[in-house]
$ cat upload15.csv   # CSV, C-alpha atoms
chain,number,residue,atom,x,y,z
A,1,MET,CA,9.9,-60.1,-12.4
A,2,LYS,CA,8.8,-61.2,-8.9
A,3,LYS,CA,10.1,-57.9,-7.4
A,4,VAL,CA,8.1,-55.9,-10.0
A,5,MET,CA,4.9,-57.7,-9.3
A,6,LYS,CA,5.4,-57.4,-5.6
A,7,ARG,CA,5.9,-53.6,-5.9
A,8,ILE,CA,2.8,-53.3,-8.2
A,9,GLY,CA,0.8,-55.2,-5.6
A,10,ILE,CA,2.0,-53.0,-2.8
A,11,VAL,CA,1.3,-49.8,-4.7
A,12,LEU,CA,-2.2,-51.0,-5.7
A,13,GLY,CA,-2.9,-52.1,-2.1
A,14,ILE,CA,-1.9,-48.6,-0.9
A,15,ILE,CA,-4.2,-46.9,-3.5
A,16,VAL,CA,-7.1,-49.1,-2.6
A,17,GLY,CA,-6.5,-48.5,1.1
A,18,ILE,CA,-6.5,-44.7,0.6
A,19,ILE,CA,-9.7,-44.9,-1.4
A,20,VAL,CA,-11.4,-47.0,1.3
A,21,LEU,CA,-10.3,-44.5,4.0
A,22,ILE,CA,-11.6,-41.6,1.9
A,23,PHE,CA,-15.0,-43.3,1.5
A,24,LEU,CA,-15.1,-44.2,5.2
A,25,GLY,CA,-14.4,-40.6,6.1
A,26,LEU,CA,-17.2,-39.4,3.8
A,27,PHE,CA,-19.6,-41.9,5.3
A,28,ILE,CA,-18.9,-40.8,8.8
A,29,ASN,CA,-19.2,-37.1,7.9
A,30,ASN,CA,-22.5,-37.8,6.2
A,31,LYS,CA,-23.9,-39.6,9.3
A,32,ILE,CA,-22.8,-36.7,11.6
A,33,GLN,CA,-24.3,-34.0,9.3
A,34,LEU,CA,-27.6,-35.9,9.0
A,35,ALA,CA,-27.8,-36.2,12.7
A,36,ARG,CA,-27.3,-32.5,13.1
A,37,GLU,CA,-29.8,-31.7,10.4
A,38,ALA,CA,-32.5,-34.0,11.9
A,39,LYS,CA,-32.5,-31.9,15.1
A,40,LYS,CA,-33.4,-28.7,13.0
A,41,ILE,CA,-36.3,-30.2,11.1
A,42,ASP,CA,-39.7,-29.5,12.6
A,43,PRO,CA,-42.5,-31.9,11.8
A,44,VAL,CA,-45.2,-30.6,9.5
A,45,GLY,CA,-48.7,-30.6,10.8
A,46,GLU,CA,-50.3,-30.6,14.2
A,47,LYS,CA,-49.9,-33.0,17.2
A,48,VAL,CA,-53.1,-34.9,17.6
A,49,THR,CA,-54.2,-38.1,19.3
A,50,VAL,CA,-54.6,-41.0,16.9
A,51,ASN,CA,-56.1,-44.3,18.1
A,52,ASP,CA,-55.4,-43.4,21.8
A,53,GLN,CA,-51.7,-42.8,21.1
A,54,LYS,CA,-50.3,-39.4,21.8
A,55,ASN,CA,-47.4,-37.6,20.3
A,56,GLU,CA,-48.2,-38.6,16.7
A,57,TYR,CA,-48.1,-36.0,13.9
A,58,SER,CA,-50.7,-35.9,11.3
A,59,ASN,CA,-51.0,-33.4,8.4
A,60,LEU,CA,-54.2,-31.6,9.0
A,61,TRP,CA,-55.0,-29.1,6.4
A,62,ARG,CA,-57.3,-26.3,7.4
$ encode --input "upload15.csv" --output "C-alpha cells"
Amino acid sequence: MKKVMKRIGIVLGIIVGIIVLIFLGLFINNKIQLAREAKKIDPVGEKVTVNDQKNEYSNLWR
C-alpha cells in the first residue's frame, strides 16, 4: 500500500508541476506581448501643458 501511495504522490506531483510550468510560460508570454503592444499604441489627444508640467496628454475635442 505504501508503494501505491508513493507512486500516486509522484504522479500527482509531476502533473501539478507540468501545470505550473504551463501557466508560468503563459504568464511570461503575456508580459512579452503586452510590452510589444504598448509600443504600438499612440496616445489619444493632443500634447498640452497642464499645471506647468509638459508631456502630458489630454483629450481635447475640437
$ atom_distance --input "upload15.csv" --atom1 "atom CA of A:Asn30" --atom2 "atom CA of A:Ile18"
18.3 Å
$ atom_distance --input "upload15.csv" --atom1 "atom CA of A:Asp42" --atom2 "atom CA of A:Ile28"
24.0 Å
$ atom_distance --input "upload15.csv" --atom1 "atom CA of A:Gly25" --atom2 "atom CA of A:Lys40"
23.5 Å
